Structure formats: structure tokens, C-alpha cells
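Asker: Got a file for you: entry03.txt, compact mmCIF, C-alpha atoms and all ligand atoms.
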```txt
# COMPACT_ATOMS: atom_id res chain seq x y z
CA MET A 1 14.15 -36.43 226.79
CA THR A 2 14.17 -37.47 230.46
CA GLY A 3 17.65 -36.99 231.87
CA ASN A 4 19.97 -38.21 229.18
CA VAL A 5 17.48 -40.72 227.71
CA GLU A 6 15.42 -40.00 224.58
CA ARG A 7 12.80 -42.26 223.06
CA ARG A 8 11.35 -41.63 219.59
CA VAL A 9 8.69 -43.77 217.89
CA PHE A 10 8.41 -43.75 214.09
CA PRO A 11 5.67 -45.13 211.81
CA ASP A 12 8.00 -47.69 210.25
CA ALA A 13 11.59 -48.90 209.93
CA GLN A 14 12.25 -46.62 206.97
CA ALA A 15 11.49 -43.48 208.99
CA LEU A 16 13.48 -44.84 211.95
CA SER A 17 16.44 -45.52 209.66
CA ALA A 18 16.30 -42.01 208.20
CA GLU A 19 16.51 -40.55 211.71
CA GLY A 20 19.39 -42.87 212.54
CA ALA A 21 21.23 -41.70 209.43
CA ASP A 22 20.56 -38.06 210.25
CA ARG A 23 22.06 -38.59 213.72
CA PHE A 24 25.23 -39.94 212.07
CA VAL A 25 25.53 -36.83 209.88
CA ARG A 26 24.90 -34.43 212.76
CA LEU A 27 27.16 -36.14 215.31
CA ALA A 28 29.92 -36.57 212.74
CA ALA A 29 29.92 -32.82 212.06
CA GLU A 30 29.96 -32.08 215.80
CA ALA A 31 32.80 -34.51 216.57
CA ILE A 32 34.95 -33.45 213.62
CA ALA A 33 34.49 -29.77 214.50
CA ALA A 34 35.35 -30.45 218.14
CA ARG A 35 38.11 -33.06 217.87
CA GLY A 36 38.99 -33.51 214.21
CA ARG A 37 37.60 -37.05 213.97
CA PHE A 38 34.40 -39.07 214.40
CA ASP A 39 34.66 -42.52 215.94
CA VAL A 40 31.46 -44.49 215.41
CA ALA A 41 30.69 -48.15 216.10
CA LEU A 42 28.21 -49.92 213.88
CA SER A 43 25.92 -52.70 214.98
CA GLY A 44 25.07 -55.84 213.06
CA GLY A 45 22.05 -57.88 212.17
CA SER A 46 19.50 -56.68 209.64
CA THR A 47 18.01 -53.48 211.09
CA PRO A 48 20.97 -51.20 210.25
CA ARG A 49 20.96 -52.13 206.53
CA THR A 50 18.44 -49.47 205.52
CA MET A 51 20.19 -46.80 207.58
CA HIS A 52 23.53 -47.68 205.95
CA ARG A 53 21.99 -47.42 202.50
CA LEU A 54 20.51 -43.98 203.30
CA LEU A 55 23.92 -42.82 204.57
CA ALA A 56 25.59 -44.11 201.41
CA GLN A 57 23.62 -41.92 199.02
CA PRO A 58 23.12 -38.18 198.53
CA PRO A 59 22.36 -35.96 200.34
CA ARG A 60 23.69 -37.61 203.50
CA ARG A 61 26.77 -39.20 201.89
CA ASP A 62 27.94 -35.81 200.71
CA ALA A 63 27.28 -34.15 204.08
CA VAL A 64 29.90 -36.28 205.86
CA ASP A 65 33.65 -35.65 205.79
CA TRP A 66 34.48 -39.35 205.40
CA SER A 67 38.23 -38.65 205.58
CA ARG A 68 37.71 -37.93 209.30
CA VAL A 69 35.40 -40.86 210.04
CA HIS A 70 36.69 -43.97 211.81
CA LEU A 71 34.38 -46.97 211.64
CA TRP A 72 34.36 -49.54 214.42
CA TRP A 73 32.05 -52.40 215.35
CA GLY A 74 30.24 -52.99 218.62
CA ASP A 75 30.35 -56.70 217.93
CA ASP A 76 30.77 -59.29 215.23
CA ARG A 77 30.24 -62.94 214.66
CA HIS A 78 33.22 -65.28 214.82
CA VAL A 79 33.22 -65.97 211.08
CA PRO A 80 35.50 -64.89 208.20
CA PRO A 81 34.97 -61.30 207.02
CA ASP A 82 33.45 -62.49 203.74
CA ASP A 83 30.93 -64.78 205.45
CA ASP A 84 27.28 -63.85 204.90
CA GLN A 85 26.89 -63.77 208.70
CA SER A 86 29.62 -61.16 209.12
CA ASN A 87 28.54 -57.75 210.41
CA TYR A 88 31.61 -56.29 208.72
CA ARG A 89 30.57 -57.78 205.36
CA MET A 90 27.05 -56.36 205.78
CA ALA A 91 28.48 -52.88 206.41
CA ARG A 92 30.98 -53.26 203.55
CA GLU A 93 28.19 -54.05 201.11
CA THR A 94 25.59 -51.53 202.35
CA LEU A 95 27.84 -48.59 203.25
CA ILE A 96 31.63 -48.80 203.02
CA GLU A 97 31.84 -49.59 199.30
CA GLN A 98 29.69 -46.57 198.47
CA VAL A 99 31.44 -43.84 200.50
CA PRO A 100 34.93 -42.29 200.19
CA ILE A 101 36.22 -43.46 203.56
CA PRO A 102 39.96 -44.19 203.65
CA PRO A 103 40.46 -47.97 204.02
CA GLY A 104 42.76 -47.30 206.98
CA ASN A 105 39.80 -45.76 208.82
CA VAL A 106 37.76 -48.97 208.68
CA HIS A 107 38.65 -50.96 211.77
CA ARG A 108 37.03 -54.37 211.51
CA MET A 109 37.36 -57.12 214.07
CA GLU A 110 39.76 -59.79 212.73
CA THR A 111 37.18 -62.50 213.19
CA GLU A 112 39.17 -64.99 211.12
CA LEU A 113 41.52 -65.29 214.11
CA PRO A 114 40.89 -67.39 217.23
CA ALA A 115 38.19 -65.62 219.25
CA GLU A 116 40.30 -64.62 222.26
CA GLU A 117 43.11 -63.34 219.99
CA CYS A 118 40.60 -61.39 217.90
CA ALA A 119 39.22 -59.69 221.02
CA ALA A 120 42.67 -58.86 222.41
CA ARG A 121 43.84 -57.40 219.09
CA TYR A 122 40.69 -55.31 218.76
CA GLU A 123 41.14 -53.92 222.24
CA ALA A 124 44.77 -53.07 221.41
CA LEU A 125 43.64 -51.32 218.22
CA LEU A 126 41.02 -49.33 220.12
CA ARG A 127 43.68 -48.35 222.68
CA GLU A 128 45.92 -47.09 219.86
CA HIS A 129 43.19 -44.70 218.73
CA LEU A 130 41.27 -43.92 221.89
CA ALA A 131 43.61 -43.78 224.87
CA GLY A 132 42.06 -43.63 228.31
CA THR A 133 40.40 -45.74 230.95
CA TRP A 134 37.61 -46.65 228.55
CA PRO A 135 37.17 -46.10 224.77
CA VAL A 136 35.15 -42.90 224.41
CA LEU A 137 33.52 -43.44 221.04
CA ASP A 138 31.48 -40.54 219.71
CA LEU A 139 28.57 -42.75 218.70
CA ILE A 140 27.64 -46.40 219.12
CA TYR A 141 24.69 -47.90 217.26
CA LEU A 142 23.05 -50.85 218.92
CA GLY A 143 20.24 -53.20 218.05
CA MET A 144 18.28 -55.51 220.29
CA GLY A 145 17.30 -59.11 219.79
CA PRO A 146 13.89 -60.58 220.67
CA ASP A 147 15.63 -62.01 223.75
CA GLY A 148 16.81 -58.58 224.91
CA HIS A 149 20.46 -59.05 223.90
CA THR A 150 22.41 -56.15 222.51
CA ALA A 151 25.73 -56.18 220.69
CA SER A 152 26.77 -59.74 221.53
CA LEU A 153 25.81 -59.45 225.18
CA PHE A 154 23.40 -62.38 225.31
CA PRO A 155 21.34 -63.33 228.37
CA GLU A 156 23.20 -65.36 231.04
CA THR A 157 26.56 -65.20 229.19
CA ALA A 158 29.98 -64.47 230.65
CA ALA A 159 30.52 -61.12 228.92
CA LEU A 160 27.78 -59.58 231.07
CA ASN A 161 30.16 -59.80 234.03
CA GLU A 162 33.14 -58.10 232.32
CA THR A 163 34.25 -55.02 234.26
CA ARG A 164 37.85 -54.61 233.14
CA ARG A 165 38.40 -55.45 229.46
CA TRP A 166 37.13 -53.34 226.58
CA VAL A 167 36.59 -56.23 224.14
CA VAL A 168 35.88 -59.88 224.93
CA ALA A 169 35.19 -63.18 223.23
CA ASN A 170 31.80 -64.34 224.45
CA TRP A 171 30.66 -67.96 224.15
CA VAL A 172 26.92 -68.03 223.39
CA PRO A 173 25.58 -71.49 224.34
CA LYS A 174 22.23 -71.17 222.61
CA LEU A 175 23.96 -70.33 219.33
CA GLU A 176 26.85 -72.71 220.03
CA THR A 177 29.21 -70.04 218.75
CA TRP A 178 31.74 -67.44 219.82
CA ARG A 179 30.97 -63.76 219.40
CA ILE A 180 33.35 -60.81 219.76
CA THR A 181 31.84 -57.88 221.60
CA LEU A 182 32.58 -54.63 223.33
CA SER A 183 32.00 -55.07 227.04
CA PRO A 184 29.22 -53.30 228.94
CA PRO A 185 31.54 -50.63 230.41
CA ALA A 186 33.15 -50.03 227.02
CA LEU A 187 29.75 -49.53 225.41
CA ASN A 188 28.71 -47.24 228.26
CA ALA A 189 31.77 -45.01 227.80
CA ALA A 190 30.34 -43.56 224.56
CA ARG A 191 29.29 -39.96 224.12
CA HIS A 192 26.14 -41.08 222.36
CA VAL A 193 24.42 -44.49 222.17
CA VAL A 194 21.58 -44.96 219.70
CA PHE A 195 19.41 -48.08 219.63
CA LEU A 196 17.60 -48.88 216.40
CA ILE A 197 14.81 -51.32 217.21
CA ALA A 198 12.09 -52.28 214.73
CA GLY A 199 9.54 -55.02 214.26
CA PRO A 200 6.80 -56.74 216.25
CA ASP A 201 9.16 -59.51 217.35
CA LYS A 202 10.98 -57.00 219.57
CA ALA A 203 7.90 -55.62 221.35
CA ALA A 204 7.84 -58.01 224.31
CA ALA A 205 11.55 -57.68 225.07
CA LEU A 206 11.46 -53.92 224.61
CA SER A 207 8.64 -53.55 227.13
CA ALA A 208 10.58 -55.70 229.59
CA VAL A 209 13.81 -53.75 229.00
CA LEU A 210 12.26 -50.30 229.29
CA GLN A 211 9.39 -50.84 231.69
CA GLY A 212 9.95 -54.16 233.44
CA PRO A 213 11.93 -54.90 236.59
CA ARG A 214 15.71 -54.53 236.34
CA ASP A 215 17.09 -57.93 235.41
CA THR A 216 20.23 -57.31 233.37
CA HIS A 217 21.28 -60.96 233.08
CA ARG A 218 17.94 -61.77 231.51
CA TYR A 219 17.69 -58.52 229.53
CA PRO A 220 21.25 -57.34 228.80
CA ALA A 221 20.03 -54.28 226.89
CA GLN A 222 19.16 -52.89 230.34
CA MET A 223 22.91 -52.66 231.02
CA ILE A 224 23.29 -49.87 228.48
CA HIS A 225 23.07 -46.41 230.05
CA PRO A 226 26.10 -44.21 229.35
CA PRO A 227 26.74 -42.19 232.55
CA HIS A 228 28.49 -39.39 230.66
CA GLY A 229 26.63 -39.67 227.38
CA THR A 230 23.19 -39.66 225.83
CA LEU A 231 21.01 -42.72 225.24
CA THR A 232 18.48 -42.71 222.41
CA TYR A 233 15.93 -45.35 221.46
CA LEU A 234 14.76 -45.04 217.87
CA LEU A 235 11.76 -47.37 217.64
CA ASP A 236 9.11 -48.20 215.10
CA GLN A 237 5.46 -48.48 216.15
CA ALA A 238 5.54 -52.27 215.91
CA ALA A 239 8.41 -52.59 218.38
CA ALA A 240 6.91 -49.94 220.67
CA ALA A 241 3.41 -51.50 220.62
CA GLY A 242 3.74 -52.95 224.11
CA LEU A 243 5.00 -49.81 225.81
CA LYS A 244 2.72 -48.11 228.32
CA PRO A 245 2.40 -44.36 227.60
C1 LIG B 301 24.42 -58.90 215.84
C2 LIG B 301 24.01 -57.58 216.38
C3 LIG B 301 22.89 -57.80 217.34
C4 LIG B 301 21.68 -57.22 216.65
C5 LIG B 301 20.42 -57.76 217.22
C6 LIG B 301 19.21 -57.30 216.38
O1 LIG B 301 25.62 -59.15 215.69
O2 LIG B 301 23.50 -59.64 215.48
O3 LIG B 301 24.96 -56.77 216.78
O4 LIG B 301 23.04 -57.26 218.61
O5 LIG B 301 21.72 -55.80 216.77
O6 LIG B 301 20.51 -59.18 217.17
O7 LIG B 301 19.37 -57.85 215.10
P1 LIG B 301 18.32 -57.51 213.92
O8 LIG B 301 18.56 -56.10 213.55
O9 LIG B 301 18.70 -58.47 212.82
O10 LIG B 301 16.95 -57.75 214.48
```
Represent the supplied structure as C-alpha cells.
Ligand code: 6PG
Answerer:
Amino acid sequence: MTGNVERRVFPDAQALSAEGADRFVRLAAEAIAARGRFDVALSGGSTPRTMHRLLAQPPRRDAVDWSRVHLWWGDDRHVPPDDDQSNYRMARETLIEQVPIPPGNVHRMETELPAEECAARYEALLREHLAGTWPVLDLIYLGMGPDGHTASLFPETAALNETRRWVVANWVPKLETWRITLSPPALNAARHVVFLIAGPDKAAALSAVLQGPRDTHRYPAQMIHPPHGTLTYLLDQAAAAGLKP
């Protein structure tokens, strides 16, 4: 751990996912003991699926007081919640349906609404639960794309410049689609941020993000560094292959 940044390399995505699930269990216990609740934001894509499945079965499932857990999302696609591209649907199928979390504690983005309205409503919901200048979530999981995006902060997109709002609708030209995402300062307000990054297709971007020159508009994942929290990179060997020791 250098400063508040930790980097762990695992043999494969399964081992990485097990560590990610263990962090959830540990940080949930800490947050619930300290403040009576655990506010955690999930990420989307495919990498978190295995971690969700490990969390949704014994022993980890039974080590979490789900009645005190509040699930959020760091981002989602602008599609209906039952769309196969929905990050909410992925979490519903791989985690939520298998754990005894009260439905009222699952705070999905209402992505069936117009994008700007969805973002504004999600920010209002966050403000109901987490008052303050920024939303201090206990834990935010993030992934990273082969282009160095994280959440839905894609290279050269408008959301990278957001300094005031907690949640924004972000037009992504290369995907020709809207995304809903927490803004960089909202993500950086977290107590703990954990990246899960696996696969050889991430190696080049990861080397650039961690060891290349600072270029946050080209590599938005470089924007993530919580000033009052910890930052952890859980990597598999394939993704870490390009890193200099
Ligand atoms: C999303 C995610 C996104 C994801 C990366 C990595 O909505 O797609 O939030 O930021 O974490 O694209 O995705 P994979 O895990 O599928 O490689």
C-alpha cells in the first residue's frame, strides 16, 4: 500500500473476484458497526458477475447483514431495467435475487426515463440518503474498459468536466448512446474505491492509467483517486502483464 493506494495481482479472475467479495463482507461489517448501514455502489459490465455470484452464496451471503445494506450503481446504460444491457438487470440476476436485501434498499437508476431526468432523480435519491457536499458512499466498485473508461466516464466526453453535480447523463459518441453516471467528484467522495480489472484486453490501458503520463481525458480512470478514502486495484495477471515492477 503506497499512501492510500493498494494494488493486488491475482492468478485469475476467479481469485480476483473472491477478494472483491471478501472486501464487500469486511467493509459491510465495518460500516454497519460504525454507522448502522452500508452504502455500496456496484459497477456494470461482465467482470463483476463472478464476484456477485460469490457474494450470493454461503459463506459470504450469510456473513452480511443485508437488512442494513443499500445498493447503488456507479453507472448504468440508458436502457429499460429488464434490458440485457442493463447493469441493474445483471446485478438483479447475479446477486439481488439470491440475497435477503429489502427491496427498498435497492436503489437502481430509473433508466427507462429520459436521460437527464434519470440523472436528476438519482442525484435527488442519493441526497435523501447521503446528505452532504458529496455522497460519501462506503464502497464503490469500478471496472475499466480497454479504452481506459470507468463507470460511464468515457474518453473525451462531457461528464469528465463535471465539478458540481453528483450524477449526470453523459452522451457517448462512439457508442451513440446516453449513459447515466456518477461524476468524478462523486466517485472520489467514497470511503473506499475498488477497481476489478481482468483480462489481457485491459493490459495496455492499465499500464497507461497506472504508469503512463497523466492524461485524464484520454484515460478517465486516472481521475479516480479518493482524497479521503482508499483506492484499491484488484487485477488479474493478464491485465497486469504490461505493468513495470
Ligand atoms: C459499464 C461499466 C463499465 C465497465 C467497464 C468494464 O456500464 O459497462 O460500468 O465501466 O466497468 O466497461 O467492463 P467489463 O467488466 O465488461 O470489461
Asker: From the list A:Leu153, A:Ala190, A:Ala124, A:Leu175, which residue is nearest ligand LIG 301 (chain B) when using all atoms listed in the file?
Answerer: A:Leu153
Asker: Compute the distance from (36.5, -44.3, 205.1) to each atom, counting only C-alpha atoms, keep the residues with any atom at most 10 Å away, and return them as a short mmCIF file (atom, residue, chain, number, x, y, z; two decimals) with C-alpha atoms, in the frame of the given file; use the coordinates of the file.
Answerer:
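Now in out.cif:
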```cif
data_model
loop_
_atom_site.label_atom_id
_atom_site.label_comp_id
_atom_site.auth_asym_id
_atom_site.auth_seq_id
_atom_site.Cartn_x
_atom_site.Cartn_y
_atom_site.Cartn_z
CA ASP A 65 33.65 -35.65 205.79
CA TRP A 66 34.48 -39.35 205.40
CA SER A 67 38.23 -38.65 205.58
CA ARG A 68 37.71 -37.93 209.30
CA VAL A 69 35.40 -40.86 210.04
CA HIS A 70 36.69 -43.97 211.81
CA LEU A 71 34.38 -46.97 211.64
CA LEU A 95 27.84 -48.59 203.25
CA ILE A 96 31.63 -48.80 203.02
CA GLU A 97 31.84 -49.59 199.30
CA GLN A 98 29.69 -46.57 198.47
CA VAL A 99 31.44 -43.84 200.50
CA PRO A 100 34.93 -42.29 200.19
CA ILE A 101 36.22 -43.46 203.56
CA PRO A 102 39.96 -44.19 203.65
CA PRO A 103 40.46 -47.97 204.02
CA GLY A 104 42.76 -47.30 206.98
CA ASN A 105 39.80 -45.76 208.82
CA VAL A 106 37.76 -48.97 208.68
CA HIS A 107 38.65 -50.96 211.77
#
```
Asker: Determine, for each residue of chain A having at least one atom at most 10 Å from an atom of ligand LIG 301 (chain B), the closest pair of atoms and their separation in Å to one decimal, counting only C-alpha atoms and all ligand atoms; order by chain and ascending number, as a Markdown table.
Answerer:
```
| residue | atom | partner | partner_atom | distance |
| --- | --- | --- | --- | --- |
| A:Leu42 | CA | B:LIG301 | O3 | 8.1 |
| A:Ser43 | CA | B:LIG301 | O3 | 4.6 |
| A:Gly44 | CA | B:LIG301 | O3 | 3.8 |
| A:Gly45 | CA | B:LIG301 | O9 | 3.5 |
| A:Ser46 | CA | B:LIG301 | O9 | 3.7 |
| A:Thr47 | CA | B:LIG301 | O8 | 3.6 |
| A:Pro48 | CA | B:LIG301 | O8 | 6.4 |
| A:Arg49 | CA | B:LIG301 | O8 | 8.4 |
| A:Trp73 | CA | B:LIG301 | O3 | 8.5 |
| A:Gly74 | CA | B:LIG301 | O3 | 6.7 |
| A:Asp75 | CA | B:LIG301 | O3 | 5.5 |
| A:Asp76 | CA | B:LIG301 | O1 | 5.2 |
| A:Arg77 | CA | B:LIG301 | O1 | 6.1 |
| A:His78 | CA | B:LIG301 | O1 | 9.8 |
| A:Gln85 | CA | B:LIG301 | O1 | 8.5 |
| A:Ser86 | CA | B:LIG301 | O1 | 8.0 |
| A:Asn87 | CA | B:LIG301 | O1 | 6.2 |
| A:Tyr88 | CA | B:LIG301 | O1 | 9.6 |
| A:Tyr141 | CA | B:LIG301 | O5 | 8.5 |
| A:Leu142 | CA | B:LIG301 | O5 | 5.6 |
| A:Gly143 | CA | B:LIG301 | O5 | 3.3 |
| A:Met144 | CA | B:LIG301 | C5 | 4.4 |
| A:Gly145 | CA | B:LIG301 | O6 | 4.1 |
| A:Pro146 | CA | B:LIG301 | O10 | 7.5 |
| A:Asp147 | CA | B:LIG301 | O6 | 8.7 |
| A:Gly148 | CA | B:LIG301 | C5 | 8.5 |
| A:His149 | CA | B:LIG301 | O4 | 6.2 |
| A:Thr150 | CA | B:LIG301 | O4 | 4.1 |
| A:Ala151 | CA | B:LIG301 | O4 | 3.6 |
| A:Ser152 | CA | B:LIG301 | O4 | 5.3 |
| A:Leu153 | CA | B:LIG301 | O4 | 7.5 |
| A:Phe154 | CA | B:LIG301 | O4 | 8.4 |
| A:Arg179 | CA | B:LIG301 | O1 | 8.0 |
| A:Ile180 | CA | B:LIG301 | O1 | 8.9 |
| A:Thr181 | CA | B:LIG301 | O3 | 8.5 |
| A:Phe195 | CA | B:LIG301 | O5 | 8.6 |
| A:Leu196 | CA | B:LIG301 | O8 | 7.8 |
| A:Ile197 | CA | B:LIG301 | O8 | 7.1 |
| A:Ala198 | CA | B:LIG301 | O10 | 7.3 |
| A:Gly199 | CA | B:LIG301 | O10 | 7.9 |
| A:Asp201 | CA | B:LIG301 | O10 | 8.5 |
| A:Lys202 | CA | B:LIG301 | O10 | 7.9 |
| A:Ala221 | CA | B:LIG301 | O4 | 9.3 |
```
Asker: What is the distance, in Å and to one decimal place, between atom CA of Glu123 of chain A and atom CA of Val167 of chain A?
Answerer: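 Going from atom CA of Glu123 of chain A over to atom CA of Val167 of chain A, I get 5.4 Å.
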Asker: Rounded to one decimal, what separation in Å do you get between atom CA of Asn4 of chain A and atom CA of Ile224 of chain A?
Answerer: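 Going from atom CA of Asn4 of chain A over to atom CA of Ile224 of chain A, I get 12.1 Å.
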Asker: Choose the residue, out of A:Leu130, A:Val194, A:Ala115, A:Val168, that has the smallest atom-to-atom separation from Val5 of chain A; count only C-alpha atoms.
Answerer: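 Closest to Val5 of chain A of all the choices is A:Val194.
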Asker: Please, which residues in segment 24-127 of chain A fall within 7 Å of segment 9-18 of chain A when counting all atoms listed in the file, and what is the closest atom pair and distance in Å to one decimal for each, ordered by chain then residue number, as JSON lines?
Answerer:
```
{"residue": "A:Thr50", "atom": "CA", "partner": "A:Ser17", "partner_atom": "CA", "distance": 6.1}
{"residue": "A:Met51", "atom": "CA", "partner": "A:Ser17", "partner_atom": "CA", "distance": 4.5}
{"residue": "A:Leu54", "atom": "CA", "partner": "A:Ala18", "partner_atom": "CA", "distance": 6.8}
```
Asker: Would you work out the distance separating atom CA of Leu235 of chain A from atom CA of Pro58 of chain A, expressed in Å to one decimal?
Answerer: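 Atom CA of Pro58 of chain A lies 24.1 Å from atom CA of Leu235 of chain A.
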Asker: A:Asn170, A:Ala28, A:Glu176, A:Pro155: which is nearest Ala205 of chain A, counting all atoms listed in the file?
Answerer: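 Between A:Asn170, A:Ala28, A:Glu176, A:Pro155, the residue approaching Ala205 of chain A most closely is A:Pro155.
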Asker: So which residues touch Ile140 of chain A within 6 Å, counting all atoms listed in the file, skipping near sequence neighbours fewer than 4 positions away, as a VMD selection string?
Answerer: chain A and resid 40 to 41 193
Asker: For Thr216 of chain A, which of A:Asp82, A:Pro114, A:Glu156, A:His129 is the closest residue, counting only C-alpha atoms?
Answerer: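 Ranking A:Asp82, A:Pro114, A:Glu156, A:His129 by distance to Thr216 of chain A, first place goes to A:Glu156.
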